[in-house]
Structure formats: structure tokens, C-alpha cells
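As C-alpha cells, the structure follows; a few thoughts come after it.
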Amino acid sequence: SGPACVLGIDLGTTSVKAALVTGTERGLALAQSCSRETQAHSDSPEAAPQGMEQDVQKIIRALNECLAALPQQQLQQVTHIGISGQMHGVVFWKSDKGCRWSESGPGPAFEAGRVSPLVTWQDGRCSPSFLSSLPVPQSHVSLATGFGCATVYWYLKKSPDFLKAYDAAGTIQDYVVAMLCGLKKPLMSVQNAASWGYFNCRNKSWNTDILKKSGFPVHLLPEVGDPGSIAGRTTCAWHGIPKGAKVGIALGDFQCSVYSCLTERTDAVLNISTSAQLTISMPLGFQPPETPDPSSAVTYFPYFNGDYLAVAASLNGGNVLATFVGMVAQWTQELGLQIQESAIYPRIIQAALAQKHSRLSVHPTIFGERHLPEQLASVSSIGASELSLGHVTRALCRGLVENLCSLFPVQHLQEMGVRRILGSGSALARNEVLRQEVERIFPFPVVYGKDVDAAVGAAMVM
């Protein structure tokens with residue numbers, strides 16, 4: 001038999017990924033990986049048009065397809081399974097009827113049973129006025145729409161019968177762990193519990209008293225355990241993975257992504273894909289404040305071994321560049337010409353590489369920011385000589401990096417002992433202008449190429 005393997009799984013917003021990681025003399029190595037688009041978005045008539053739901057059946061189907069695509073002989077060597085997934089969301093199920101196991105293919109697999117749709121983190125059904133009508137949590141995290149507990153409150157107020165059909169709830173990753181291990185009561189990590197709201201990270205417990213007083217169905221809340229601990233063992237030989245393989249408590253995708261690349265405490269991780277995040281580890285023993293600071297752009301995420309990450313998350317990243325490219329394409333079309341968006345990208349980047357400087361100042365927050373939702377974008381210092389696509393693209397890329405920097409100022413990073421920046425994400429990988437601006441604005445060496453991968457991180461934790 002070959003070397004022992006760990007299977008890492010990430011149940012993302014758009015795709016499911018599975019990664020087989022093996023131990024070598026030099027540490028862990030990725031042996032195989034597979035990902036499948038879930039295409040699970042489904043309409044939620046009762047919460048439309050703000051609702052964002054996914055079909056759990058389709059997510060589990062994509063998961064089964066991923067595992068079926070991995071080599072059978074390696075799956076048979078799997079001793080541990082680590083699972084991460086999209087945070088904040090909530091799915092409900094009936095604990096004894098949550099799934100159906102069936103013999104199909106090389107090993108048994110399960111399909112979703114009596115399970116509600118997954119209400120995801122992108123769900124917008126809880127309006128600001130609805131949120132302000134809820135009790136104030138005892139937590140360092142501000143409550144937002146899309147957070148599990150807020151969604152439960154929404155059902156409690158708008159459609160209480162819906163909740164009566166279920167006796168268990170969790171994130172989508174908690175659901176998968178509960179099914180694999182046959183857990184009667186779901187188990188959730190501190191990472192996922194914090195993402196639901198109404199959870200106190202200091203004493204690792206739900207705000208049970210506050211919730212009970214307002215009639216919240218506290219019996220739906222999972223037990224909570226430490227990330228990195230074992231939730232149970234597989235009850236069946238799942239896709240040929242031996243029965244009795246250890247399954248870790250489900251983790252947050254963000255924490256696992258960071259874990260896959262962050263090796264030194266003095267590293268900061270800068271990720272620019274659709275949106276953007278700048279993350280650093282807090283010093284040992286750090287505890288988050290008792291109450292959130294609504295004006296601050298920095299939030300604290302529980303990490304591993306009692307540590308915390310400080311995260312400045314911007315809603316404006318690659319999506320802003322994509323909007324700009326869409327605008328250029330639309331203008332071109334309105335002038336009666338045809339050009340594909342995919343042809344615009346390399347040309348504007350080429351043009352911007354030729355313009356090292358631009359006095360244009362772009363404040364690119366077209367999507368607002370969580371702590372400043374009403375502040376949109378602006379362009380200033382527009383001079384007649386700097387209106388070329390090269391100038392505008394250069395200024396836009398600079399503005400994106402400066403915006404991130406304003407959320408987490410360089411001086412603050414230096415005080416926290418940051419020595420190096422790990423650059424990751426699709427927008428940074430594809431855009432040399434963005435990389436130049438990162439290197440110009442941050443006074444630290446920047447290292448690229450460490451791919452951030454939540455599935456690999458989930459495996460490494462195990």
C-alpha cells in the first residue's frame with residue numbers, strides 16, 4: 001500500500017474542490033486535485049429578489065463527481081478528511097433523514113435527503129431595519145445579512161412553520177461532516193460559529209440567554225469545538241475511502257486559504273481576486289474587543305490554536321477592473337464597433353505598463369465598503385494630457401491598492417511586525433500593473449506564486 005493520504009475538501013460559493021495531499025520527506029505534497037462547478041444557484045421565491053439560495057442536492061452531486069474523478073488507489077489510502085467551506089451560510093435538515101446512502105460506483109456515496117436550500121453568505125433578505133430590530137449580540141463581530149443566526153431570525157419572524165420541519169442546522173460544510181460521521185447533533189468549529197453571529201469567541205459559547213429571551217430556536221444551534229479537532233469517523237467506505245477514516249470539524253474557507261500559504265507570523269497575505277483582502281496574524285494571546293467597532297474596516301477571525309487573524313476585507317478588487325473593461329466594451333459597441341472584453345484586458349494592461357506615472361487620482365469603491373456602504377467611487381485631478389487608456393488604467397490599479405492600504409495602513413503593518421507580503425489571487429496573477437503598484441505602495445518584499453487553496457489548507461490542518 002502507498003503512503004497515507006489526507007483528503008481536503010472545499011465547498012465554495014461557485015465550485016467544490018477536492019485535493020489529495022500526501023506526506024513526503026520534504027513535507028506535504030499535493031498529489032491530485034479536482035474541482036467541479038456546482039451551478040447550484042436557485043431562486044428563493046419567498047425571499048426574492050434579495051434572497052440568495054443554493055440547491056444542496058447539486059452541491060453534493062458536484063462533491064460526488066469530484067471524488068469519483070480522483071484515483072481509487074489513493075482514496076483507499078486516506079486516513080483523514082479535512083473539510084472547509086463558505087462561511088456565514090445556513091442549511092437546515094432532519095437529523096435522522098439528512099441523507100440517503102447508496103451503493104453506486106466503486107464505493108458508497110450519499111445524496112441529500114430532507115434538507116432545506118442553503119441560504120448563502122450573499123443572501124440579502126435581512127434589511128438594515130430588520131437587523132436593527134434584533135437583539136444586540138454579545139460578540140466582537142457585527143451582525144450582517146447572510147449570517148446564519150440573522151437568517152434563522154428572518155424565518156422565525158416571516159415563516160415560522162418552515163423551521164418546524166427541521167431539528168438540525170449548520171453551514172454546508174458542517175452538514176457534510178455530520179452526514180459522513182452520522183452525527184445526531186451537528187458539531188461546528190469556533191470559526192464557523194463566529195461567522196453566524198451571536199457567538200462569543202472569548203468563552204466559546206453561543207449567546208444563549210440573549211437568544212432564548214427573544215424566542216430564537218436555540219435547539220437548532222450546533223455544539224461548538226476547536227478547529228483542528230476530530231468531529232468523528234466515516235460510517236461507510238465513502239467512495240472507497242475506508243470506513244473509520246477520521247473527519248475533522250468543518251473549517252472556514254478563509255482561514256484554510258490563509259493556512260495554505262501563511263508560514264511565518266511576520267507575513268501578511270494580500271489576496272486580490274473578485275474582491276480583496278489583506279490579512280495578518282495577531283500576536284499570541286490576542287483577544288478581540290468585547291464589542292465591534294462599526295467604523296473600522298478590520299475584523300478579527302478566529303484562526304487555529306486560539307490565534308486570530310486581522311482581516312481588512314474590501315468589496316472592491318478584480319470586480320472593479322472587470323466593470324471598467326465592461327464599460328470600455330460598451331462604449332466601443334455604442335460607437336458601432338465590436339471588440340471582445342477578453343481582447344481589451346491585455347491591451348489596457350500593455351498601455352498602462354507604458355505609463356509609469358499618472359496624476360489622475362481614482363477612488364475606485366464602486367461597490368462601496370462594508371463599513372462605508374454609501375461611499376461610491378470618484379475620479380479627481382483630471383488633466384487634459386492624461387486621458388489615455390494607459391493613464392486611466394494605471395491610476396485605477398493604483399487606486400485599488402491604495403484603497404486596500406487605507407483599510408490597513410502601512411505604519412500599522414510595520415508596528416505589527418510585518419516583514420513580507422505574500423501576493424495571491426487571480427487579479428494579481430494576471431495583471432502586472434497591479435503587481436507594480438503593490439510593490440510601489442508597500443515597503444516590504446512581495447512574494448507571488450503561493451497559490452491560495454482552501455482545500456489544500458483543510459488537508460494541511462489535519
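Chains: A, B, ... in order of the C-alpha cells. Residues: from 1 per chain. Ligands: from 1, in order shown.
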
Fewer than 2 positions away in the same chain doesn't count, so skip those; otherwise give me all residues within 8 Å of range 52-57 of chain A, counting only C-alpha atoms, as a VMD selection string.
chain A and resid 40 to 44 50 59 to 61 111 to 112 115 to 124 172

Just the strand (DSSP E) stuff from range 324-405 of chain A, please, per backbone DSSP, written as JSON, numbers by chain.
{"A": [361, 362, 363, 378, 379, 380]}

Write out as a list of chain:residue names all residues of range 184-250 of chain A that backbone DSSP assigns to helix (DSSP H, G or I).
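Residues meeting the helix (DSSP H, G or I) criterion: A:Val190, A:Gln191, A:Asn192, A:Ala193, A:Ala194, A:Ser195, A:Trp196, A:Thr208, A:Asp209, A:Ile210, A:Leu211, A:Lys212, A:Lys213, A:Val218, A:His219, A:Leu220, A:Trp238, A:His239, A:Gly240.
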
File of the preceding selection, C-alpha atoms, as a PDB file, in the first residue's frame:
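To be explicit, this is the file written out as out.pdb:
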```pdb
ATOM      1  CA  VAL A 190     -15.373  28.243  16.508  1.00  0.00           C
ATOM      2  CA  GLN A 191     -14.511  29.635  13.034  1.00  0.00           C
ATOM      3  CA  ASN A 192     -17.946  28.869  11.575  1.00  0.00           C
ATOM      4  CA  ALA A 193     -19.792  29.737  14.807  1.00  0.00           C
ATOM      5  CA  ALA A 194     -18.216  33.224  14.858  1.00  0.00           C
ATOM      6  CA  SER A 195     -19.362  33.693  11.246  1.00  0.00           C
ATOM      7  CA  TRP A 196     -23.023  33.131  12.238  1.00  0.00           C
ATOM      8  CA  THR A 208     -27.931  31.511  24.598  1.00  0.00           C
ATOM      9  CA  ASP A 209     -29.578  33.824  27.165  1.00  0.00           C
ATOM     10  CA  ILE A 210     -29.986  36.710  24.698  1.00  0.00           C
ATOM     11  CA  LEU A 211     -31.310  34.327  22.026  1.00  0.00           C
ATOM     12  CA  LYS A 212     -33.739  32.459  24.321  1.00  0.00           C
ATOM     13  CA  LYS A 213     -35.302  35.710  25.552  1.00  0.00           C
ATOM     14  CA  VAL A 218     -31.668  27.518  20.293  1.00  0.00           C
ATOM     15  CA  HIS A 219     -32.105  23.736  19.828  1.00  0.00           C
ATOM     16  CA  LEU A 220     -31.023  24.296  16.203  1.00  0.00           C
ATOM     17  CA  TRP A 238     -17.201   6.659   1.163  1.00  0.00           C
ATOM     18  CA  HIS A 239     -16.059   6.493  -2.480  1.00  0.00           C
ATOM     19  CA  GLY A 240     -13.576   3.812  -1.402  1.00  0.00           C
TER      20      GLY A 240
END
```

Counting only C-alpha atoms, which residue out of A:Gly89, A:Glu103, A:Thr323, A:Leu187 sits closest to Thr145 in chain A?
A:Gly89

Write out as a list in words each polymer residue whose atoms come within 10 Å of Phe408 in chain A, counting only C-alpha atoms; drop sequence neighbours fewer than 5 positions from it.
Gln277, Leu278, Thr279, Ile280, Ser296, Ala297, Val298, Ala310, Val311, Ala312, Ala313, Glu402, Asn403 and Leu413 of chain A

Taking all heavy atoms for each residue, export the selection above as an mmCIF file, in the first residue's frame.
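Output file part-v6.cif is given in full below:
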```cif
data_model
loop_
_atom_site.group_PDB
_atom_site.id
_atom_site.type_symbol
_atom_site.label_atom_id
_atom_site.label_comp_id
_atom_site.auth_asym_id
_atom_site.auth_seq_id
_atom_site.Cartn_x
_atom_site.Cartn_y
_atom_site.Cartn_z
ATOM 1 N N GLN A 277 -8.496 41.134 0.028
ATOM 2 C CA GLN A 277 -8.276 41.077 1.478
ATOM 3 C C GLN A 277 -6.792 41.236 1.783
ATOM 4 O O GLN A 277 -5.954 40.755 1.043
ATOM 5 C CB GLN A 277 -8.710 39.727 2.086
ATOM 6 C CG GLN A 277 -10.144 39.333 1.899
ATOM 7 C CD GLN A 277 -10.366 38.623 0.577
ATOM 8 O OE1 GLN A 277 -9.466 38.017 0.008
ATOM 9 N NE2 GLN A 277 -11.577 38.732 0.069
ATOM 10 N N LEU A 278 -6.534 41.891 2.906
ATOM 11 C CA LEU A 278 -5.178 41.963 3.436
ATOM 12 C C LEU A 278 -5.255 41.397 4.848
ATOM 13 O O LEU A 278 -6.059 41.860 5.666
ATOM 14 C CB LEU A 278 -4.694 43.419 3.442
ATOM 15 C CG LEU A 278 -3.265 43.676 3.903
ATOM 16 C CD1 LEU A 278 -2.260 42.890 3.075
ATOM 17 C CD2 LEU A 278 -2.948 45.161 3.810
ATOM 18 N N THR A 279 -4.446 40.364 5.109
ATOM 19 C CA THR A 279 -4.578 39.591 6.352
ATOM 20 C C THR A 279 -3.249 39.469 7.070
ATOM 21 O O THR A 279 -2.232 39.188 6.434
ATOM 22 C CB THR A 279 -5.053 38.155 6.004
ATOM 23 O OG1 THR A 279 -6.223 38.247 5.204
ATOM 24 C CG2 THR A 279 -5.360 37.363 7.252
ATOM 25 N N ILE A 280 -3.268 39.673 8.380
ATOM 26 C CA ILE A 280 -2.063 39.399 9.177
ATOM 27 C C ILE A 280 -2.441 38.572 10.402
ATOM 28 O O ILE A 280 -3.593 38.574 10.828
ATOM 29 C CB ILE A 280 -1.352 40.698 9.640
ATOM 30 C CG1 ILE A 280 -2.271 41.545 10.528
ATOM 31 C CG2 ILE A 280 -0.853 41.501 8.466
ATOM 32 C CD1 ILE A 280 -1.550 42.724 11.167
ATOM 33 N N SER A 296 -14.618 50.599 11.828
ATOM 34 C CA SER A 296 -13.329 50.023 11.452
ATOM 35 C C SER A 296 -13.492 49.050 10.290
ATOM 36 O O SER A 296 -14.468 48.305 10.214
ATOM 37 C CB SER A 296 -12.707 49.286 12.636
ATOM 38 O OG SER A 296 -11.610 48.517 12.195
ATOM 39 N N ALA A 297 -12.502 49.050 9.402
ATOM 40 C CA ALA A 297 -12.534 48.137 8.259
ATOM 41 C C ALA A 297 -11.903 46.797 8.613
ATOM 42 O O ALA A 297 -11.959 45.856 7.839
ATOM 43 C CB ALA A 297 -11.770 48.770 7.105
ATOM 44 N N VAL A 298 -11.284 46.716 9.792
ATOM 45 C CA VAL A 298 -10.566 45.492 10.164
ATOM 46 C C VAL A 298 -11.449 44.618 11.059
ATOM 47 O O VAL A 298 -12.016 45.094 12.034
ATOM 48 C CB VAL A 298 -9.246 45.835 10.894
ATOM 49 C CG1 VAL A 298 -8.534 44.574 11.376
ATOM 50 C CG2 VAL A 298 -8.335 46.637 9.969
ATOM 51 N N ALA A 310 -6.198 39.235 11.696
ATOM 52 C CA ALA A 310 -6.813 40.544 11.463
ATOM 53 C C ALA A 310 -6.984 40.674 9.957
ATOM 54 O O ALA A 310 -6.026 40.471 9.204
ATOM 55 C CB ALA A 310 -5.923 41.657 11.987
ATOM 56 N N VAL A 311 -8.191 40.977 9.529
ATOM 57 C CA VAL A 311 -8.501 40.988 8.106
ATOM 58 C C VAL A 311 -9.116 42.326 7.701
ATOM 59 O O VAL A 311 -10.121 42.738 8.275
ATOM 60 C CB VAL A 311 -9.506 39.864 7.755
ATOM 61 C CG1 VAL A 311 -9.714 39.803 6.242
ATOM 62 C CG2 VAL A 311 -9.034 38.525 8.292
ATOM 63 N N ALA A 312 -8.485 42.983 6.731
ATOM 64 C CA ALA A 312 -9.120 44.142 6.104
ATOM 65 C C ALA A 312 -9.676 43.635 4.791
ATOM 66 O O ALA A 312 -8.929 43.252 3.891
ATOM 67 C CB ALA A 312 -8.092 45.240 5.866
ATOM 68 N N ALA A 313 -11.004 43.553 4.705
ATOM 69 C CA ALA A 313 -11.632 42.994 3.511
ATOM 70 C C ALA A 313 -12.290 44.116 2.733
ATOM 71 O O ALA A 313 -13.083 44.872 3.278
ATOM 72 C CB ALA A 313 -12.661 41.949 3.913
ATOM 73 N N GLU A 402 -4.238 51.443 -3.231
ATOM 74 C CA GLU A 402 -4.288 52.489 -2.198
ATOM 75 C C GLU A 402 -5.523 52.337 -1.310
ATOM 76 O O GLU A 402 -5.472 52.589 -0.111
ATOM 77 C CB GLU A 402 -4.283 53.881 -2.852
ATOM 78 C CG GLU A 402 -2.893 54.287 -3.324
ATOM 79 C CD GLU A 402 -2.884 55.594 -4.114
ATOM 80 O OE1 GLU A 402 -3.970 56.029 -4.561
ATOM 81 O OE2 GLU A 402 -1.786 56.150 -4.296
ATOM 82 N N ASN A 403 -6.634 51.897 -1.902
ATOM 83 C CA ASN A 403 -7.852 51.691 -1.114
ATOM 84 C C ASN A 403 -7.639 50.602 -0.062
ATOM 85 O O ASN A 403 -7.981 50.770 1.107
ATOM 86 C CB ASN A 403 -9.021 51.325 -2.030
ATOM 87 C CG ASN A 403 -10.290 51.076 -1.238
ATOM 88 O OD1 ASN A 403 -10.739 51.923 -0.464
ATOM 89 N ND2 ASN A 403 -10.876 49.897 -1.393
ATOM 90 N N LEU A 413 0.928 48.039 9.774
ATOM 91 C CA LEU A 413 1.549 46.757 9.426
ATOM 92 C C LEU A 413 2.963 46.686 9.996
ATOM 93 O O LEU A 413 3.383 45.660 10.536
ATOM 94 C CB LEU A 413 1.596 46.580 7.900
ATOM 95 C CG LEU A 413 0.253 46.485 7.170
ATOM 96 C CD1 LEU A 413 0.472 46.455 5.662
ATOM 97 C CD2 LEU A 413 -0.525 45.243 7.600
#
```

I want to know what sits within 8 Å of Cys126 in chain A, based on only C-alpha atoms, with residues of the same chain fewer than 4 positions away left out; could you give that as a ChimeraX atom specification?
/A:130-131,144-146,150-151,154

Write the selection just made, keeping N, CA, C and O atoms, as a CSV table (one decimal), in the first residue's frame?
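As written to disk, selection_2.csv reads:
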```csv
chain,number,residue,atom,x,y,z
A,130,PHE,N,-34.5,45.4,9.5
A,130,PHE,CA,-34.8,44.1,10.2
A,130,PHE,C,-33.7,43.8,11.1
A,130,PHE,O,-33.9,43.4,12.3
A,131,LEU,N,-32.4,44.0,10.7
A,131,LEU,CA,-31.3,43.7,11.6
A,131,LEU,C,-31.3,44.5,12.8
A,131,LEU,O,-31.0,44.1,13.9
A,144,ALA,N,-24.7,40.9,10.3
A,144,ALA,CA,-25.0,41.3,8.9
A,144,ALA,C,-25.9,40.4,8.2
A,144,ALA,O,-26.1,39.2,8.7
A,145,THR,N,-26.6,40.8,7.2
A,145,THR,CA,-27.4,39.9,6.4
A,145,THR,C,-26.6,38.8,5.8
A,145,THR,O,-25.4,39.0,5.5
A,146,GLY,N,-27.2,37.6,5.7
A,146,GLY,CA,-26.4,36.4,5.2
A,146,GLY,C,-25.8,35.7,6.4
A,146,GLY,O,-25.3,34.5,6.1
A,150,ALA,N,-28.9,35.5,11.8
A,150,ALA,CA,-29.8,36.5,11.3
A,150,ALA,C,-30.9,35.9,10.4
A,150,ALA,O,-32.1,36.2,10.4
A,151,THR,N,-30.4,34.9,9.6
A,151,THR,CA,-31.3,34.2,8.7
A,151,THR,C,-32.4,33.4,9.5
A,151,THR,O,-33.6,33.3,9.1
A,154,TRP,N,-35.0,35.6,10.6
A,154,TRP,CA,-35.8,36.0,9.5
A,154,TRP,C,-37.0,35.0,9.3
A,154,TRP,O,-38.1,35.3,9.2
```

Find, counting only C-alpha atoms, the residue in A:His140, A:Val328, A:Val6, A:Ala354 that gets nearest to Ser342 in chain A.
A:Val328

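Of the listed residues (A:Pro227, A:Gly113, A:Pro217, A:Pro186), A:Pro217 comes nearest to Tyr155 in chain A; the distances count only C-alpha atoms.
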
Show me, as a PyMOL selection string, the residues that have an atom within 7 Å of range 418-425 of chain A when counting only C-alpha atoms, minus same-chain residues fewer than 5 positions from it.
chain A and resi 266-273+413+444-452

A:Thr38, A:Leu262, A:Ser127, A:Val78: which is nearest Ala19 in chain A, counting only C-alpha atoms?
A:Val78

Can you work out which one of A:Cys5, A:Phe442, A:Ala395, A:Asp167 has the shortest atom-to-atom distance to Pro409 in chain A, counting only C-alpha atoms?
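Selected residue with least distance to Pro409 in chain A: A:Phe442.
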
Contact residues around Val410 in chain A with only C-alpha atoms at 9 Å, ignoring same-chain residues under 4 positions, as a ChimeraX atom specification:
/A:405-406,414-415,441-443

Export, as a tab-separated table (two decimals), in the first residue's frame, the selected residues with C-alpha atoms.
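Result saved to result-v7.tsv:
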```
chain	number	residue	atom	x	y	z
A	405	CYS	CA	-3.83	50.28	2.07
A	406	SER	CA	-6.23	52.85	3.56
A	414	GLN	CA	5.07	47.82	10.40
A	415	GLU	CA	4.06	48.16	14.07
A	441	ILE	CA	2.92	51.25	-2.20
A	442	PHE	CA	4.05	48.61	0.31
A	443	PRO	CA	7.62	48.96	1.67
```

At a cut-off of 9 Å, using only C-alpha atoms, what residues contact Arg114 in chain A? Leave out same-chain residues fewer than 6 positions from it and give the result as a list in words.
Phe92, Trp93, Lys94, Ser95, Asp96, Lys97, Gly98, Cys99 and Tyr166 of chain A

Closest to Gly317 in chain A among A:Gly417, A:Gly182, A:Pro373, A:Gly399, using only C-alpha atoms?
A:Gly399
